[in-house]
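K.L.:
Pasting input_9.cif below, which is mmCIF, C-alpha atoms and all ligand atoms.
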```cif
data_entry
loop_
_atom_site.label_atom_id
_atom_site.label_comp_id
_atom_site.auth_asym_id
_atom_site.auth_seq_id
_atom_site.Cartn_x
_atom_site.Cartn_y
_atom_site.Cartn_z
CA MET P 1 103.36 110.36 135.64
CA GLU P 2 103.17 112.06 139.06
CA ASN P 3 106.85 113.08 139.16
CA LEU P 4 106.81 114.42 135.65
CA LYS P 5 104.29 117.05 136.74
CA GLU P 6 107.25 118.87 138.29
CA HIS P 7 108.41 119.48 134.70
CA PRO P 8 105.28 121.20 133.43
CA GLU P 9 106.47 122.05 129.91
CA ILE P 10 107.30 118.47 128.99
CA TYR P 11 104.48 116.99 131.09
CA SER P 12 101.84 119.04 129.32
CA LEU P 13 103.27 118.26 125.88
CA ILE P 14 103.24 114.52 126.62
CA LYS P 15 99.64 114.84 127.83
CA LYS P 16 98.71 116.71 124.66
CA GLU P 17 100.42 114.11 122.49
CA GLU P 18 98.57 111.36 124.38
CA GLU P 19 95.31 113.16 123.66
CA ARG P 20 96.28 113.62 119.99
CA GLN P 21 96.96 109.90 119.64
CA GLU P 22 93.66 108.95 121.33
CA THR P 23 91.57 111.39 119.25
CA THR P 24 93.04 110.89 115.76
CA LEU P 25 93.37 107.90 113.45
CA CYS P 26 97.00 106.90 112.98
CA MET P 27 97.30 105.64 109.41
CA ILE P 28 101.04 106.04 108.99
CA PRO P 29 102.13 102.50 108.05
CA SER P 30 105.40 102.69 110.00
CA GLU P 31 103.65 103.57 113.29
CA ASN P 32 101.76 101.52 115.85
CA TYR P 33 100.67 101.62 119.51
CA CYS P 34 102.87 99.43 121.72
CA SER P 35 101.41 97.64 124.75
CA LYS P 36 101.51 99.01 128.29
CA ALA P 37 103.95 96.21 129.17
CA VAL P 38 106.33 97.39 126.43
CA LYS P 39 106.02 100.95 127.74
CA GLU P 40 106.77 99.83 131.30
CA ALA P 41 109.91 97.91 130.30
CA THR P 42 111.07 100.91 128.27
CA ALA P 43 110.66 103.25 131.24
CA SER P 44 112.39 100.84 133.69
CA VAL P 45 115.64 101.21 135.67
CA LEU P 46 117.42 99.07 133.08
CA MET P 47 118.09 102.36 131.29
CA ASN P 48 120.59 103.23 134.05
CA LYS P 49 123.01 100.46 133.17
CA TYR P 50 126.06 100.45 130.93
CA ALA P 51 126.56 97.04 129.34
CA GLU P 52 129.10 97.47 126.54
CA GLY P 53 129.96 94.09 125.08
CA TYR P 54 127.73 91.02 124.93
CA PRO P 55 126.22 88.74 127.63
CA LYS P 56 128.98 87.21 129.85
CA LYS P 57 131.58 89.34 127.99
CA ARG P 58 130.96 92.85 129.35
CA TYR P 59 133.32 95.74 129.88
CA TYR P 60 131.47 96.87 133.04
CA GLN P 61 130.62 95.12 136.31
CA GLY P 62 127.08 94.79 137.63
CA ASN P 63 125.55 93.06 134.65
CA VAL P 64 124.27 89.80 136.20
CA PHE P 65 120.62 90.58 135.57
CA ILE P 66 121.22 92.59 132.41
CA ASP P 67 122.96 89.54 130.90
CA ASP P 68 119.88 87.42 131.49
CA VAL P 69 117.63 90.10 130.00
CA GLU P 70 119.68 90.20 126.81
CA LEU P 71 120.02 86.39 126.60
CA ILE P 72 116.25 85.98 126.95
CA THR P 73 115.66 88.61 124.25
CA ILE P 74 118.08 86.85 121.88
CA GLU P 75 116.40 83.46 122.49
CA LYS P 76 112.93 84.87 121.87
CA ALA P 77 114.03 86.67 118.68
CA LYS P 78 115.53 83.42 117.33
CA LYS P 79 112.39 81.48 118.22
CA LEU P 80 109.97 84.05 116.79
CA PHE P 81 111.74 84.30 113.43
CA ASN P 82 113.34 80.85 113.22
CA ALA P 83 116.83 82.38 113.03
CA GLU P 84 120.28 80.91 113.72
CA HIS P 85 121.65 84.09 115.29
CA ALA P 86 120.18 87.32 116.64
CA ASN P 87 121.81 90.63 117.59
CA VAL P 88 119.30 92.65 119.63
CA GLN P 89 121.47 95.72 120.33
CA SER P 90 120.81 97.81 117.21
CA LEU P 91 119.36 101.16 118.21
CA SER P 92 117.08 101.48 115.21
CA GLY P 93 116.50 100.34 111.64
CA SER P 94 119.03 102.64 110.00
CA PRO P 95 121.94 101.72 112.32
CA ALA P 96 120.99 98.03 111.89
CA ASN P 97 121.41 98.35 108.12
CA MET P 98 124.63 100.29 108.62
CA ALA P 99 125.99 97.51 110.84
CA VAL P 100 125.23 94.89 108.19
CA TYR P 101 127.01 96.88 105.47
CA PHE P 102 129.99 97.49 107.79
CA ALA P 103 130.11 93.78 108.63
CA LEU P 104 129.82 92.30 105.16
CA LEU P 105 130.99 94.88 102.62
CA ASN P 106 134.07 96.92 101.82
CA LEU P 107 133.67 100.60 100.95
CA ASN P 108 132.42 101.12 97.37
CA ASP P 109 131.26 97.50 97.04
CA LYS P 110 128.34 97.01 94.70
CA VAL P 111 124.86 96.47 96.18
CA LEU P 112 121.63 95.86 94.26
CA ALA P 113 118.55 97.41 95.90
CA MET P 114 115.20 99.01 95.13
CA ASN P 115 115.03 102.60 93.88
CA LEU P 116 113.92 104.98 96.64
CA SER P 117 110.92 106.45 94.83
CA HIS P 118 109.78 102.93 93.93
CA GLY P 119 109.64 101.84 97.57
CA GLY P 120 113.22 101.47 98.82
CA HIS P 121 114.40 102.99 102.11
CA LEU P 122 116.88 105.90 102.52
CA THR P 123 119.45 103.39 103.81
CA HIS P 124 119.10 101.36 100.61
CA GLY P 125 121.47 103.59 98.68
CA SER P 126 119.99 107.08 98.63
CA LYS P 127 122.59 109.65 97.55
CA VAL P 128 121.86 111.84 100.61
CA ASN P 129 122.35 108.88 103.00
CA PHE P 130 125.58 107.24 104.24
CA SER P 131 124.63 104.13 102.24
CA GLY P 132 124.70 105.92 98.90
CA LYS P 133 127.84 107.84 99.84
CA LEU P 134 129.90 104.85 101.04
CA TYR P 135 128.74 102.05 98.74
CA ASN P 136 128.05 101.62 95.06
CA PHE P 137 124.30 101.03 95.00
CA ILE P 138 122.64 100.03 91.75
CA GLU P 139 118.88 99.93 91.44
CA TYR P 140 115.96 97.86 90.36
CA GLU P 141 112.49 99.33 89.92
CA VAL P 142 108.86 98.35 89.64
CA GLU P 143 107.37 97.83 86.17
CA LYS P 144 105.62 100.83 84.64
CA GLU P 145 102.46 98.90 83.74
CA THR P 146 101.90 96.75 86.84
CA GLU P 147 103.85 98.79 89.43
CA VAL P 148 105.12 95.45 90.72
CA ILE P 149 108.73 94.23 90.59
CA ASP P 150 109.65 91.74 87.85
CA MET P 151 111.92 89.03 89.28
CA ASP P 152 113.26 88.05 85.83
CA LYS P 153 114.48 91.60 85.28
CA ILE P 154 116.15 91.68 88.70
CA ARG P 155 117.86 88.37 87.87
CA LYS P 156 119.19 89.84 84.62
CA ILE P 157 120.54 92.95 86.39
CA ALA P 158 122.20 90.72 89.00
CA GLU P 159 123.82 88.53 86.33
CA LEU P 160 125.10 91.58 84.46
CA GLU P 161 126.28 93.62 87.45
CA LYS P 162 127.43 90.86 89.85
CA PRO P 163 126.69 92.76 93.08
CA LYS P 164 128.22 91.63 96.37
CA LEU P 165 124.88 91.95 98.17
CA ILE P 166 121.27 91.91 97.01
CA LEU P 167 118.76 93.71 99.19
CA SER P 168 115.01 93.18 99.31
CA GLY P 169 112.38 94.50 101.70
CA PHE P 170 110.84 97.92 101.23
CA THR P 171 109.29 100.94 102.82
CA ALA P 172 106.53 101.88 100.41
CA TYR P 173 105.68 98.72 98.44
CA PRO P 174 102.17 97.35 98.90
CA ARG P 175 102.68 93.93 97.32
CA LYS P 176 104.01 90.56 98.46
CA ILE P 177 107.79 90.09 98.20
CA ASP P 178 109.20 86.82 96.81
CA PHE P 179 112.08 86.43 99.27
CA LYS P 180 112.81 82.90 98.04
CA GLU P 181 113.40 84.12 94.50
CA PHE P 182 115.57 86.99 95.77
CA ASP P 183 117.68 84.47 97.68
CA ASP P 184 117.95 82.17 94.65
CA ILE P 185 119.12 85.06 92.49
CA ALA P 186 121.71 86.04 95.10
CA LYS P 187 123.00 82.47 95.34
CA SER P 188 123.23 82.15 91.57
CA VAL P 189 125.60 85.15 91.34
CA ASN P 190 127.49 84.47 94.60
CA ALA P 191 125.99 87.48 96.33
CA ILE P 192 124.89 87.79 99.95
CA SER P 193 121.10 87.91 100.32
CA MET P 194 119.72 90.52 102.70
CA ALA P 195 116.09 91.21 103.58
CA ASP P 196 115.05 94.38 105.43
CA ILE P 197 111.65 93.39 106.81
CA SER P 198 111.18 96.53 108.94
CA HIS P 199 107.68 97.18 107.64
CA ILE P 200 106.28 93.67 107.43
CA ALA P 201 107.92 91.81 110.35
CA GLY P 202 104.58 91.65 112.19
CA LEU P 203 102.90 90.20 109.12
CA ILE P 204 105.67 87.65 108.69
CA VAL P 205 105.44 86.29 112.24
CA SER P 206 101.65 86.14 111.78
CA GLU P 207 102.07 84.09 108.59
CA ALA P 208 100.23 86.85 106.74
CA HIS P 209 103.30 87.29 104.50
CA PRO P 210 105.93 84.65 103.51
CA SER P 211 109.11 84.73 105.60
CA PRO P 212 112.67 85.26 104.27
CA LEU P 213 113.87 82.81 106.94
CA PRO P 214 115.56 80.45 107.35
CA PHE P 215 117.17 80.72 103.89
CA THR P 216 118.14 84.45 103.62
CA ASP P 217 121.69 85.26 104.81
CA VAL P 218 120.94 88.42 106.81
CA ILE P 219 117.70 90.01 107.95
CA THR P 220 117.19 93.39 109.58
CA THR P 221 113.97 94.64 111.11
CA THR P 222 112.73 97.48 113.23
CA THR P 223 110.67 96.41 116.23
CA HIS P 224 108.23 99.34 116.32
CA LYS P 225 106.28 99.03 113.05
CA THR P 226 103.88 96.10 112.43
CA LEU P 227 105.73 94.16 115.16
CA ARG P 228 104.30 96.66 117.70
CA GLY P 229 107.29 96.77 120.06
CA PRO P 230 109.59 99.54 121.30
CA ARG P 231 111.45 101.88 118.90
CA GLY P 232 114.49 99.80 117.94
CA ALA P 233 115.77 97.04 115.66
CA ILE P 234 117.36 93.61 115.54
CA ILE P 235 119.64 91.80 113.10
CA LEU P 236 119.12 88.11 112.33
CA CYS P 237 121.65 86.08 110.39
CA LYS P 238 123.14 82.70 109.61
CA GLU P 239 125.72 81.45 112.10
CA LYS P 240 128.57 82.01 109.62
CA PHE P 241 127.93 85.79 109.67
CA ALA P 242 127.26 86.03 113.43
CA LYS P 243 130.74 87.09 114.56
CA ASP P 244 131.10 89.79 111.89
CA ILE P 245 127.63 91.19 112.56
CA ASP P 246 128.17 91.34 116.33
CA LYS P 247 131.56 93.00 115.89
CA ALA P 248 130.10 95.58 113.51
CA VAL P 249 127.35 96.54 116.01
CA PHE P 250 129.76 96.68 118.97
CA PRO P 251 132.47 97.97 118.99
CA GLY P 252 132.17 98.87 115.30
CA LEU P 253 129.24 101.25 115.43
CA GLN P 254 127.71 101.58 118.88
CA GLY P 255 128.75 101.97 122.51
CA GLY P 256 126.47 100.96 125.35
CA PRO P 257 123.31 99.08 124.30
CA HIS P 258 119.93 100.38 125.52
CA GLU P 259 119.05 97.48 127.79
CA ASN P 260 115.65 98.93 128.75
CA ILE P 261 114.69 98.81 125.08
CA ILE P 262 116.20 95.33 124.78
CA ALA P 263 113.92 94.18 127.64
CA ALA P 264 110.97 95.82 125.86
CA LYS P 265 111.94 93.90 122.70
CA ALA P 266 111.69 90.65 124.72
CA VAL P 267 108.20 91.69 125.86
CA CYS P 268 107.27 92.48 122.25
CA PHE P 269 108.57 89.08 121.03
CA GLU P 270 106.66 87.29 123.81
CA GLU P 271 103.49 89.09 122.74
CA ALA P 272 104.17 88.24 119.09
CA LEU P 273 104.68 84.54 119.96
CA LYS P 274 101.10 84.33 121.29
CA PRO P 275 98.42 82.88 118.99
CA GLU P 276 96.41 86.14 119.26
CA PHE P 277 99.21 87.96 117.45
CA LYS P 278 98.65 85.77 114.37
CA ASP P 279 95.03 86.92 114.34
CA TYR P 280 96.25 90.50 114.68
CA GLY P 281 98.62 90.25 111.70
CA LYS P 282 96.00 88.60 109.51
CA GLN P 283 93.42 91.23 110.48
CA ILE P 284 95.86 94.01 109.50
CA VAL P 285 95.91 92.63 105.94
CA LYS P 286 92.14 92.05 105.83
CA ASN P 287 91.65 95.64 106.95
CA ALA P 288 94.08 96.97 104.32
CA LYS P 289 92.30 95.03 101.58
CA ALA P 290 88.90 96.32 102.74
CA LEU P 291 90.24 99.88 102.81
CA ALA P 292 91.80 99.49 99.35
CA GLU P 293 88.54 98.18 97.87
CA THR P 294 86.59 101.10 99.36
CA LEU P 295 89.04 103.70 98.07
CA MET P 296 89.07 102.22 94.57
CA SER P 297 85.27 102.06 94.50
CA GLU P 298 85.34 105.83 95.21
CA ASN P 299 87.62 106.48 92.20
CA ILE P 300 90.86 106.76 94.15
CA LYS P 301 93.76 105.27 92.15
CA LEU P 302 96.09 102.98 94.11
CA VAL P 303 99.61 102.03 93.12
CA SER P 304 99.46 98.43 91.78
CA ASN P 305 95.66 98.63 92.17
CA GLY P 306 95.57 97.23 95.68
CA THR P 307 97.60 95.67 98.45
CA ASP P 308 98.78 92.33 99.90
CA THR P 309 100.11 93.91 103.09
CA HIS P 310 99.30 96.59 105.66
CA LEU P 311 100.26 99.35 103.22
CA ILE P 312 98.41 101.33 100.56
CA LEU P 313 99.87 103.96 98.26
CA ILE P 314 97.46 106.45 96.68
CA ASP P 315 98.42 107.76 93.23
CA LEU P 316 96.98 111.28 93.11
CA ILE P 317 98.13 111.95 89.54
CA ARG P 318 95.87 109.21 88.26
CA THR P 319 93.08 109.94 90.75
CA LYS P 320 90.57 111.79 88.54
CA SER P 321 89.50 114.45 91.06
CA ILE P 322 93.13 115.61 91.52
CA GLY P 323 94.79 114.64 88.23
CA LYS P 324 97.99 116.62 88.80
CA GLU P 325 101.47 116.00 90.20
CA GLY P 326 102.69 117.29 93.56
CA PHE P 327 99.49 117.12 95.63
CA GLY P 328 100.57 114.56 98.26
CA LYS P 329 101.29 117.12 100.96
CA ASP P 330 98.05 119.06 100.36
CA VAL P 331 96.03 115.88 100.71
CA ALA P 332 97.94 114.77 103.83
CA VAL P 333 97.31 118.18 105.43
CA ALA P 334 93.61 118.06 104.54
CA LEU P 335 93.32 114.56 106.01
CA GLU P 336 95.07 115.67 109.19
CA GLU P 337 92.54 118.48 109.61
CA ALA P 338 89.90 115.77 109.59
CA GLY P 339 91.82 113.75 112.21
CA ILE P 340 93.29 111.20 109.79
CA VAL P 341 97.08 111.16 110.08
CA THR P 342 98.98 109.89 107.00
CA ASN P 343 102.13 110.81 105.11
CA ALA P 344 102.82 112.24 101.68
CA ASN P 345 105.02 109.90 99.66
CA SER P 346 106.55 109.60 96.21
CA ILE P 347 104.93 107.17 93.82
CA PRO P 348 106.78 105.09 91.20
CA PHE P 349 107.74 107.26 88.21
CA ASP P 350 106.66 110.36 90.15
CA THR P 351 107.11 113.43 87.97
CA SER P 352 107.28 115.70 91.03
CA THR P 353 110.07 116.05 93.63
CA PRO P 354 110.44 114.12 96.92
CA PHE P 355 109.65 117.42 98.72
CA LYS P 356 106.36 117.74 96.86
CA PRO P 357 105.44 114.14 96.10
CA SER P 358 102.34 112.93 94.27
CA GLY P 359 101.21 110.16 96.57
CA VAL P 360 99.86 109.47 100.04
CA ARG P 361 100.87 106.41 102.03
CA LEU P 362 98.39 104.68 104.33
CA GLY P 363 98.61 101.72 106.69
CA THR P 364 96.22 99.73 108.86
CA SER P 365 98.48 98.30 111.61
CA ALA P 366 97.77 100.95 114.26
CA LEU P 367 94.01 101.00 113.64
CA THR P 368 93.97 97.20 113.88
CA THR P 369 95.67 97.50 117.29
CA ARG P 370 92.66 99.66 118.27
CA ALA P 371 90.51 96.59 117.40
CA MET P 372 89.03 98.17 114.28
CA LYS P 373 87.80 95.76 111.60
CA GLU P 374 86.52 95.81 108.02
CA ASN P 375 83.40 97.86 108.85
CA GLU P 376 85.46 100.69 110.27
CA MET P 377 87.76 100.53 107.21
CA LEU P 378 84.77 101.03 104.90
CA GLU P 379 83.74 104.06 106.94
CA ILE P 380 87.25 105.54 107.06
CA GLY P 381 87.84 104.77 103.37
CA LYS P 382 84.75 106.82 102.49
CA TYR P 383 86.01 109.73 104.63
CA ILE P 384 89.42 109.67 102.94
CA ALA P 385 87.91 109.48 99.46
CA ASP P 386 85.43 112.29 100.26
CA ILE P 387 88.22 114.59 101.33
CA ILE P 388 90.39 113.82 98.29
CA ASN P 389 87.49 114.15 95.88
CA ASN P 390 86.43 117.49 97.44
CA LEU P 391 89.81 118.93 98.31
CA SER P 392 88.65 122.55 98.55
CA ASP P 393 85.69 121.79 100.86
CA LEU P 394 86.88 122.99 104.29
CA GLU P 395 83.50 122.42 105.94
CA LEU P 396 83.56 118.76 104.94
CA ARG P 397 86.85 118.29 106.81
CA GLN P 398 85.24 119.59 110.00
CA LYS P 399 82.23 117.33 109.56
CA ILE P 400 84.48 114.31 109.13
CA ARG P 401 86.64 115.46 112.05
CA ASN P 402 83.61 115.02 114.34
CA LYS P 403 82.84 111.57 112.99
CA VAL P 404 86.49 110.55 113.42
CA LEU P 405 86.40 111.77 117.02
CA ASN P 406 83.37 109.61 117.68
CA LEU P 407 85.09 106.59 116.12
CA CYS P 408 88.22 107.17 118.22
CA GLN P 409 86.19 107.29 121.44
CA ASN P 410 84.68 103.91 120.61
CA PHE P 411 88.14 102.40 120.04
CA PRO P 412 90.44 103.71 122.82
CA ILE P 413 94.16 102.95 122.72
CA TYR P 414 95.27 102.92 126.36
CA LYS P 415 92.21 102.40 128.57
CA ASN P 416 92.42 103.62 132.21
CA ASP P 417 95.95 104.99 131.92
C1 LIG P 501 111.66 102.18 108.83
C2 LIG P 501 112.64 101.51 107.99
C3 LIG P 501 114.02 101.58 108.28
C4 LIG P 501 114.62 102.55 109.30
O1 LIG P 501 114.23 102.44 110.57
P1 LIG P 501 114.52 103.65 111.60
O2 LIG P 501 114.20 102.99 112.89
O3 LIG P 501 113.58 104.75 111.22
O4 LIG P 501 115.93 104.03 111.46
C5 LIG P 501 114.88 100.83 107.50
N1 LIG P 501 114.44 100.07 106.49
C6 LIG P 501 113.13 100.00 106.17
C7 LIG P 501 112.70 99.13 105.03
C8 LIG P 501 112.20 100.72 106.89
O5 LIG P 501 110.92 100.67 106.53
#
```
Would you encode the structure as structure tokens?

P.N.:
Amino acid sequence: MENLKEHPEIYSLIKKEEERQETTLCMIPSENYCSKAVKEATASVLMNKYAEGYPKKRYYQGNVFIDDVELITIEKAKKLFNAEHANVQSLSGSPANMAVYFALLNLNDKVLAMNLSHGGHLTHGSKVNFSGKLYNFIEYEVEKETEVIDMDKIRKIAELEKPKLILSGFTAYPRKIDFKEFDDIAKSVNAISMADISHIAGLIVSEAHPSPLPFTDVITTTTHKTLRGPRGAIILCKEKFAKDIDKAVFPGLQGGPHENIIAAKAVCFEEALKPEFKDYGKQIVKNAKALAETLMSENIKLVSNGTDTHLILIDLIRTKSIGKEGFGKDVAVALEEAGIVTNANSIPFDTSTPFKPSGVRLGTSALTTRAMKENEMLEIGKYIADIINNLSDLELRQKIRNKVLNLCQNFPIYKND
């Protein structure tokens, strides 16, 4: 970053952020560390080019090489996910979902999706989001006892409400999703089936979680979560929806695509097509299960009592040492002081507000990228439990901070950069 040194404010902040990432444990389940190759493609001269339109049908000259970049990215996306059609221009997960709704729905059409505080995403019908403002979202929830979704209940809601689209795929749900059953329900009521696999795409291509393809009508995913690519998204769909989806992305919603990011997506897909990536995805889940077991053995209550994915949701109301609503943020702040970076999150049937939620969300995808395994998860699980179970002990946080630092040094992210 020699040239960036001439911009000392930003240079020093990037350096500090680099140091923060190297010296803390990233346990936010939506984050990861992309490869150096992904970073290089992202920072390349491709960012200088306008390429409105699609390969071979551009509104600007000078796109000979850009066309090939985008065609290669499309081919790799189709191969990786076994999809009929791929649009790789979506700027991020939220605009990808917006493009799908624009393509396949009319305003105020009825959509069936998961309740936000039970694991759905903002773009799945939240009242403060465009989705909830423009479309008529109705909700399903997890069961109170098991904290898992009941497919029979979802089928009944679908039969009663006859939505135009049924959405699965979540943002804070630790358990396996039965995409086949979701698709069957959609077909039985003549609805479009959509799966938003933003969180678990990396697990799906690793065969660590069942895939919604090839049967689901439309699939959206970010590329920067478990998939470990650049910040962005893609839309996959059946051929019969291809034209509408492409038109909704451009010119419907976006102008010039970010071709540097599109190239970085191709690099990410190439990495994910390698056999090593399957080991990576499977290790993410093994690590999450090891972490979940450790936390539970230390009297930390987990939503649904465990995980099948990369994601764990701690229920602080039913964790004995806390036992009250609204402590998610306090715990997340305490963990951060010890070098463990997480996020406060609502839990199903949370009695507190989204601004003061009662849960903490954890994930293992970034730590697994650092080559950490079950042993490290046992160690980290004990640290997390210690801090939660002794929330007023400030000295303990500092002690754990030093141990975390040591652990980070043994598992560097970007060696020799
Ligand atoms: C992260 C996420 C998104 C949004 O992605 P952004 O890139 O943050 O816009 C959409 N849906 C789900 C399920 C997600 O987890």

K.L.:
Using only C-alpha atoms - which residues lie no farther than 10 Å from the point (93.3, 114.0, 114.0) in the file's frame? Write them as a list in words.

P.N.:
Glu19, Arg20, Gln21, Glu22, Thr23, Thr24, Leu25, Cys26, Leu335, Glu336, Glu337, Ala338, Gly339, Ile340, Val341, Thr342, Arg401, Asn402, Val404, Leu405 and Cys408 of chain P

K.L.:
Take the residues from that selection and put them in a file with C-alpha atoms, as a CSV table (one decimal), keeping the file's coordinate frame.

P.N.:
```
chain,number,residue,atom,x,y,z
P,19,GLU,CA,95.3,113.2,123.7
P,20,ARG,CA,96.3,113.6,120.0
P,21,GLN,CA,97.0,109.9,119.6
P,22,GLU,CA,93.7,109.0,121.3
P,23,THR,CA,91.6,111.4,119.2
P,24,THR,CA,93.0,110.9,115.8
P,25,LEU,CA,93.4,107.9,113.4
P,26,CYS,CA,97.0,106.9,113.0
P,335,LEU,CA,93.3,114.6,106.0
P,336,GLU,CA,95.1,115.7,109.2
P,337,GLU,CA,92.5,118.5,109.6
P,338,ALA,CA,89.9,115.8,109.6
P,339,GLY,CA,91.8,113.8,112.2
P,340,ILE,CA,93.3,111.2,109.8
P,341,VAL,CA,97.1,111.2,110.1
P,342,THR,CA,99.0,109.9,107.0
P,401,ARG,CA,86.6,115.5,112.0
P,402,ASN,CA,83.6,115.0,114.3
P,404,VAL,CA,86.5,110.6,113.4
P,405,LEU,CA,86.4,111.8,117.0
P,408,CYS,CA,88.2,107.2,118.2
```

K.L.:
Would you please work out which residue, of P:Gly255, P:Gly169, P:Pro412, P:Pro230, is nearest to ligand LIG 501 (chain P) when using all atoms listed in the file?

P.N.:
P:Gly169

K.L.:
Calculate, to one decimal in Å, the centre and edge lengths of the box along x, y and z of the file that holds all listed atoms of ligand LIG 501 (chain P) with 6 Å of margin on each side, and present them as AutoDock Vina command-line options.

P.N.:
```
--center_x 113.4 --center_y 101.9 --center_z 109.0 --size_x 17.0 --size_y 17.6 --size_z 19.9
```

K.L.:
When you draw a straight line from CA of Ala86 in chain P to CA of Lys240 in chain P, how long is it in Å?

P.N.:
12.2 Å

K.L.:
Counting all atoms listed in the file, which residue out of P:Ser193, P:Ser117, P:Gln254, P:Ser198 sits closest to ligand LIG 501 (chain P)?

P.N.:
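Checking each of P:Ser193, P:Ser117, P:Gln254, P:Ser198 against ligand LIG 501 (chain P), counting all atoms listed in the file, the winner is P:Ser198.
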
K.L.:
Quick one: residues within 9 Å of ligand LIG 501 (chain P), with all atoms listed in the file, as a PyMOL selection string?

P.N.:
chain P and resi 30+91-97+119-124+168-172+195-200+220-225+231-233

K.L.:
List the neighbours of Leu313 in chain P out to 6 Å using all atoms listed in the file; skip same-chain residues closer than 3 positions along the sequence, and give me the result as a PyMOL selection string.

P.N.:
chain P and resi 302-303+360-361

K.L.:
Would you please work out which residue, of P:Lys144, P:His85, P:Lys180, P:His258, is nearest to Val69 in chain P when using all atoms listed in the file?

P.N.:
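Going through P:Lys144, P:His85, P:Lys180, P:His258 one by one, the smallest distance to Val69 in chain P is for P:His258.
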
K.L.:
So which residues touch Gly306 in chain P within 9 Å, counting all atoms listed in the file, skipping near sequence neighbours fewer than 4 positions away, as a list in words?

P.N.:
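In the requested form, the answer reads Pro174, Arg175, Ala288, Lys289, Ala292, Glu293, Met296, Lys301, Leu302, Ile312 and Leu313 of chain P.
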
K.L.:
For Lys238 in chain P, which of P:Val218, P:Val148, P:Ile400, P:Ile314 is the closest residue, counting all atoms listed in the file?

P.N.:
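For Lys238 in chain P, the nearest of the given residues is P:Val218.
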
K.L.:
What's the 10 Å shell around Lys274 in chain P, counting all atoms listed in the file, without same-chain residues fewer than 5 positions away, as an mmCIF file with C-alpha atoms, keeping the file's coordinate frame?

P.N.:
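Writing done, so here's result.cif:
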```cif
data_model
loop_
_atom_site.group_PDB
_atom_site.id
_atom_site.type_symbol
_atom_site.label_atom_id
_atom_site.label_comp_id
_atom_site.auth_asym_id
_atom_site.auth_seq_id
_atom_site.Cartn_x
_atom_site.Cartn_y
_atom_site.Cartn_z
ATOM 1 C CA LEU P 80 109.970 84.050 116.790
ATOM 2 C CA SER P 206 101.650 86.140 111.780
ATOM 3 C CA PHE P 269 108.570 89.080 121.030
ATOM 4 C CA ASP P 279 95.030 86.920 114.340
#
```

K.L.:
For range 374-384 of chain P, please output as an MDAnalysis selection string all residues within 6 Å (counting only C-alpha atoms; exclusion window: fewer than 5 positions along the same chain).

P.N.:
chainID P and resid 287 290:291 294:295

K.L.:
Quick one: write out the picked residues with C-alpha atoms as a PDB file, in the frame of the given file?

P.N.:
```pdb
ATOM      1  CA  ASN P 287      91.650  95.640 106.950  1.00  0.00           C
ATOM      2  CA  ALA P 290      88.900  96.320 102.740  1.00  0.00           C
ATOM      3  CA  LEU P 291      90.240  99.880 102.810  1.00  0.00           C
ATOM      4  CA  THR P 294      86.590 101.100  99.360  1.00  0.00           C
ATOM      5  CA  LEU P 295      89.040 103.700  98.070  1.00  0.00           C
TER       6      LEU P 295
END
```

K.L.:
For Asp152 in chain P, please output as a PyMOL selection string all residues within 12 Å (counting only C-alpha atoms; exclusion window: fewer than 6 positions along the same chain).

P.N.:
chain P and resi 140+142-143+158-159+178+181-182+184-185

K.L.:
If you measure from CA of Thr319 in chain P to CA of Asn389 in chain P, what distance in Å do you get, rounded to one decimal?

P.N.:
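Straight-line distance from CA of Thr319 in chain P to CA of Asn389 in chain P works out to 8.7 Å.
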
K.L.:
Taking all atoms listed in the file into account, which of P:Ala99, P:Ala366, P:Ile300, P:Leu213 comes nearest Ala385 in chain P?

P.N.:
P:Ile300

K.L.:
Between P:Gly229, P:Gly62, P:Pro354, P:Pro275, which residue has the minimum interatomic distance to Cys34 in chain P, considering all atoms listed in the file?

P.N.:
P:Gly229

K.L.:
Measure the distance from CA of Ala201 in chain P to CA of Ala264 in chain P in Å and round it to one decimal.

P.N.:
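Value for the CA of Ala201 in chain P-CA of Ala264 in chain P distance: 16.3 Å.
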
K.L.:
Using all atoms listed in the file - which residues lie no farther than 10 Å from the point (116.5, 98.6, 135.9) in the file's frame? Write them as a list in words.

P.N.:
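Residues close enough to count: Ala41, Thr42, Ala43, Ser44, Val45, Leu46, Met47, Asn48, Lys49, Phe65, Ile66, Glu259, Asn260 and Ala263 of chain P.
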